[in-house]
Amino acid sequence: MLLDRRTFAAGSAALLSGCVTTGGRPRTITGCTPLAPVIVDQSRVIRTVAGLRPYRRQGFVVRQEALGEKRLVHNYGHGGGGITLSWGTSRLATELGLQGHSGPVAVIGSGAVGLATARLVQEAGFPVTIYAAALPPDTTSNVAGGQFHPFAVFHEGDVTAEFMTQFTRALDYSWRRYQIMVGDDYGIRWQPTYVESGSPEDKLIANFPPVNRMLSRGEHPFPLDSVRRYDTIYVETGRYLRQMTRDVQIAGGKVEVRKFAKPADIASLPEGLVFNCTGLGSRELFADQNLQPIRGQLAILEPQPEVRYAVQGQFGYMFPRADGILLGGTFERGVWDATPQPADIAGIIADHKRFFSGFRCTA
Ligand SMILES: Cc1cc2nc3c(=O)[nH]c(=O)nc-3n(C[C@H](O)[C@H](O)[C@H](O)COP(=O)(O)OP(=O)(O)OC[C@H]3O[C@@H](n4cnc5c(N)ncnc54)[C@H](O)[C@@H]3O)c2cc1C
C-alpha cells in the first residue's frame with residue numbers, strides 16, 4: 001500500500017495529520033489512532049549513515065592485565081549494545097582499575113565507552129586524559145540509533161557464567177545511570193516502543209524493562225499480527241557525545257588526538273593506569289581475532305516531532321529523534337566497509353514505506 005498521491009497534492013498539513021489509502025480510497029487515520037505514521041519517501045531523506053558494530057560472540061571484554069610497569073584495563077567489544085552498556089561496563093572496568101591506584105589515568109578511545117569511563121574516573125577523583133584516533137562526531141557511537149536495549153551483544157552458546165554476571169551488573173548500572181540523565185541537555189528521553197512479537201527482538205525483551213505487555217489487535221495501528229509494547233530510553237547520540245565530551249573537559253580532563261599502532265606505544269604514555277576503550281580498534285591493536293564487524297546502515301528522514309514512539313520488527317526499525325527519524329537497518333556480519341550502500345538504503349526505505357502505509361484505525 002502506498003501513500004496517497006492526491007493527499008500529497010493537498011498539502012503537507014494533511015500529510016502530517018496522517019492520511020493513508022486503502023485500495024485507492026483515501027482515509028484519514030487522525031483521531032482513530034494515537035500514533036502518527038511516519039511519512040516515508042526518498043525525498044524526505046536528509047542523510048544516510050553506516051557503522052560497524054564491534055561484535056564478539058563471547059561478549060564484551062572487561063578485564064585487567066599488566067603492560068610493562070602499567071596496568072591496562074580492557075573495556076571493548078559491545079556489539080550492537082555499546083550505547084546501552086557503556087556506563088555499566090565502564091563501572092566494572094573502573095572498579096577493577098582504580099582500586100589501589102594513585103595518579104593520572106589514560107583512557108584510549110572517545111566513543112560512548114571511553115567517555116563514560118573517563119567520567120567515572122573523574123567522579124572517583126582522578127585526573128584523566130583521553131587519547132583517541134577519532135573524536136565525536138567521527139566515531140561508531142555517533143552512528144548508533146541509541147535505543148537502550150542490549151541487542152546483539154553476545155552469542156548465547158559462547159558465553160561463560162562469569163560473563164553473564166558482568167553483563168547483568170553492567171546492564172543494571174547503565175539502566176539506572178541513564179534514568180538520571182534524561183533531558184534535553186544529553187538528548188535522552190523515554191519513549192514507548194512497539195515490537196513485532198516473534199521477531200528476535202521480542203525474545204530479548206521478555207522480562208525487561210518493567211512496562212512490557214502484549215497488545216491486542218485493537219490496541220495498535222500497525223499492520224502486524226502480534227505486537228508487544230514496552231517503554232525504554234533513547235539517546236540522541238550526536239548531542240549526547242558532544243555533551244559528554246564537554247563534561248570531561250569541564251571537569252579538567254584533556255583530550256588528545258592520537259592513534260596507537262601497537263601495545264608498546266601505549267606503554268610509553270606517562271599515565272600508570274590505562275583503560276582500553278577502542279571498540280573495533282582492539283582487533284588490530286590487541287590482536288583480538290574474536291572481534292568482528294557487523295555493519296548497520298540507516299536512512300534518516302526529516303524530523304517529525306509528532307512521532308513519539310519507536311517500532312521494530314521484521315521490516316526494520318524506526319526510532320524518532322530530534323535530529324531525524326531513523327530508519328534501520330541492516331545487520332551485515334564481517335563487512336568492513338563503513339559507507340552506506342544506495343541499494344540497501346533504497347530497500348530500507350521501501351520496507352518502511354510499505355509498513356507505515358499499512359496503518360489501521362484502532363477505534
Ligand atoms: C547502525 C548502528 C546502530 C546501532 N544502534 C545501537 C543502539 O540503538 N543502541 C546501542 O546500545 N548500541 C547501538 N549500536 C552499537 C554501538 O554503536 C556500539 O556498540 C558502540 O558505539 C561502541 O562504542 P565504543 O566506544 O566501544 O566504540 P567507538 O564509538 O567505535 O569508539 C572507539 C574509539 O576508539 C578510538 N580508537 C580505535 N582504535 C584506536 C587506536 N588504535 N588508537 C587510538 N584510538 C583508537 C576511536 O577513534 C574512537 O574514538 C549501533 C551500531 C550501529 C553501527
# chains A, B, ... in the order shown; residues from 1 in each chain; ligands from 1
>>> residues_near_ligand(ligand="ligand 1", cutoff="6 Å", atoms="only C-alpha atoms and all ligand atoms", output="number ranges by chain")
A: 50-54, 76, 78-84, 108-114, 132-135, 139-141, 143-149, 258-261, 277-279, 281, 285, 295-297
>>> select_by_dssp(residues="range 120-345 of chain A", states="alpha helix (DSSP H)", output="PyMOL selection string")
chain A and resi 120-123+140-143+161-179+200-204+237-250+263-267+282-285+342-345
>>> residues_around(residues="range 163-174 of chain A", least_positions_apart="4", cutoff="8 Å", atoms="only C-alpha atoms", output="PyMOL selection string")
chain A and resi 59+84-89+91-92+150+159+178
>>> residues_around(residues="range 120-125 of chain A", least_positions_apart="4", cutoff="9 Å", atoms="only C-alpha atoms", output="ChimeraX atom specification")
/A:87,90-91,94,98,105,115-116,248,251-253
>>> atom_distance(atom1="CA of Val195 in chain A", atom2="CA of Leu291 in chain A")
28.6 Å
>>> closest_residue(among="A:Ala152, A:Arg321, A:Glu306, A:Val49", to="Asp337 in chain A", atoms="only C-alpha atoms")
A:Val49
>>> closest_atom_pairs(of="range 19-98 of chain A", to="range 349-352 of chain A", cutoff="8 Å", atoms="only C-alpha atoms", output="Markdown table")
| residue | atom | partner | partner_atom | distance |
| --- | --- | --- | --- | --- |
| A:Val40 | CA | A:His352 | CA | 6.7 |
| A:Asp41 | CA | A:Ile349 | CA | 7.0 |
| A:Gln42 | CA | A:Ile349 | CA | 7.0 |
>>> residues_around(residues="range 325-331 of chain A", least_positions_apart="6", cutoff="6 Å", atoms="only C-alpha atoms", output="number ranges by chain")
A: 295-301, 303, 316-319
>>> write_last_selection(atoms="N, CA, C and O atoms", output="PDB file, in the first residue's frame")
ATOM      1  N   ARG A 295      28.075  -4.670  10.103  1.00  0.00           N
ATOM      2  CA  ARG A 295      27.690  -3.357   9.575  1.00  0.00           C
ATOM      3  C   ARG A 295      26.189  -3.096   9.736  1.00  0.00           C
ATOM      4  O   ARG A 295      25.371  -4.010   9.559  1.00  0.00           O
ATOM      5  N   GLY A 296      25.877  -1.851  10.066  1.00  0.00           N
ATOM      6  CA  GLY A 296      24.483  -1.408  10.113  1.00  0.00           C
ATOM      7  C   GLY A 296      24.351  -0.128   9.309  1.00  0.00           C
ATOM      8  O   GLY A 296      25.228   0.736   9.363  1.00  0.00           O
ATOM      9  N   GLN A 297      23.271  -0.032   8.537  1.00  0.00           N
ATOM     10  CA  GLN A 297      23.036   1.162   7.728  1.00  0.00           C
ATOM     11  C   GLN A 297      21.704   1.805   8.120  1.00  0.00           C
ATOM     12  O   GLN A 297      20.746   1.107   8.434  1.00  0.00           O
ATOM     13  N   LEU A 298      21.676   3.115   8.060  1.00  0.00           N
ATOM     14  CA  LEU A 298      20.458   3.853   8.435  1.00  0.00           C
ATOM     15  C   LEU A 298      20.125   4.905   7.384  1.00  0.00           C
ATOM     16  O   LEU A 298      21.023   5.562   6.850  1.00  0.00           O
ATOM     17  N   ALA A 299      18.834   5.054   7.121  1.00  0.00           N
ATOM     18  CA  ALA A 299      18.341   6.191   6.336  1.00  0.00           C
ATOM     19  C   ALA A 299      17.667   7.115   7.333  1.00  0.00           C
ATOM     20  O   ALA A 299      16.849   6.668   8.140  1.00  0.00           O
ATOM     21  N   ILE A 300      18.012   8.384   7.285  1.00  0.00           N
ATOM     22  CA  ILE A 300      17.453   9.322   8.264  1.00  0.00           C
ATOM     23  C   ILE A 300      16.566  10.339   7.547  1.00  0.00           C
ATOM     24  O   ILE A 300      17.002  10.993   6.590  1.00  0.00           O
ATOM     25  N   LEU A 301      15.318  10.404   8.004  1.00  0.00           N
ATOM     26  CA  LEU A 301      14.333  11.301   7.391  1.00  0.00           C
ATOM     27  C   LEU A 301      14.226  12.591   8.186  1.00  0.00           C
ATOM     28  O   LEU A 301      14.599  12.640   9.365  1.00  0.00           O
ATOM     29  N   PRO A 303      12.982  15.371  10.579  1.00  0.00           N
ATOM     30  CA  PRO A 303      12.291  15.129  11.852  1.00  0.00           C
ATOM     31  C   PRO A 303      10.776  15.293  11.722  1.00  0.00           C
ATOM     32  O   PRO A 303      10.298  16.116  10.939  1.00  0.00           O
ATOM     33  N   GLY A 316      12.242  -3.884   9.823  1.00  0.00           N
ATOM     34  CA  GLY A 316      13.330  -2.975  10.203  1.00  0.00           C
ATOM     35  C   GLY A 316      12.989  -2.288  11.517  1.00  0.00           C
ATOM     36  O   GLY A 316      12.284  -2.852  12.350  1.00  0.00           O
ATOM     37  N   TYR A 317      13.482  -1.073  11.682  1.00  0.00           N
ATOM     38  CA  TYR A 317      13.114  -0.330  12.892  1.00  0.00           C
ATOM     39  C   TYR A 317      13.075   1.168  12.627  1.00  0.00           C
ATOM     40  O   TYR A 317      13.733   1.680  11.713  1.00  0.00           O
ATOM     41  N   MET A 318      12.267   1.853  13.441  1.00  0.00           N
ATOM     42  CA  MET A 318      12.126   3.304  13.340  1.00  0.00           C
ATOM     43  C   MET A 318      12.281   3.895  14.735  1.00  0.00           C
ATOM     44  O   MET A 318      11.546   3.544  15.652  1.00  0.00           O
ATOM     45  N   PHE A 319      13.302   4.759  14.895  1.00  0.00           N
ATOM     46  CA  PHE A 319      13.488   5.479  16.152  1.00  0.00           C
ATOM     47  C   PHE A 319      13.350   6.975  15.836  1.00  0.00           C
ATOM     48  O   PHE A 319      14.132   7.497  15.032  1.00  0.00           O
TER      49      PHE A 319
END
>>> closest_residue(among="A:Ala310, A:Leu215, A:Met181, A:Leu96", to="Asp231 in chain A", atoms="only C-alpha atoms")
A:Ala310
>>> select_by_dssp(residues="range 123-184 of chain A", states="strand (DSSP E)", output="list in words")
Val128, Thr129, Ile130, Tyr131 and Ala132 of chain A
>>> write_last_selection(atoms="C-alpha atoms", output="PDB file, in the first residue's frame")
ATOM      1  CA  VAL A 128      42.164  11.895  33.105  1.00  0.00           C
ATOM      2  CA  THR A 129      43.434  12.255  29.550  1.00  0.00           C
ATOM      3  CA  ILE A 130      41.547  10.742  26.632  1.00  0.00           C
ATOM      4  CA  TYR A 131      43.708   9.670  23.688  1.00  0.00           C
ATOM      5  CA  ALA A 132      41.768   8.758  20.561  1.00  0.00           C
TER       6      ALA A 132
END
>>> residues_around(residues="Gly218 in chain A", least_positions_apart="2", cutoff="10 Å", atoms="only C-alpha atoms", output="list in words")
Thr33, Leu215, Ser216, His220, Pro221, Phe222, Arg360, Cys361, Thr362 and Ala363 of chain A
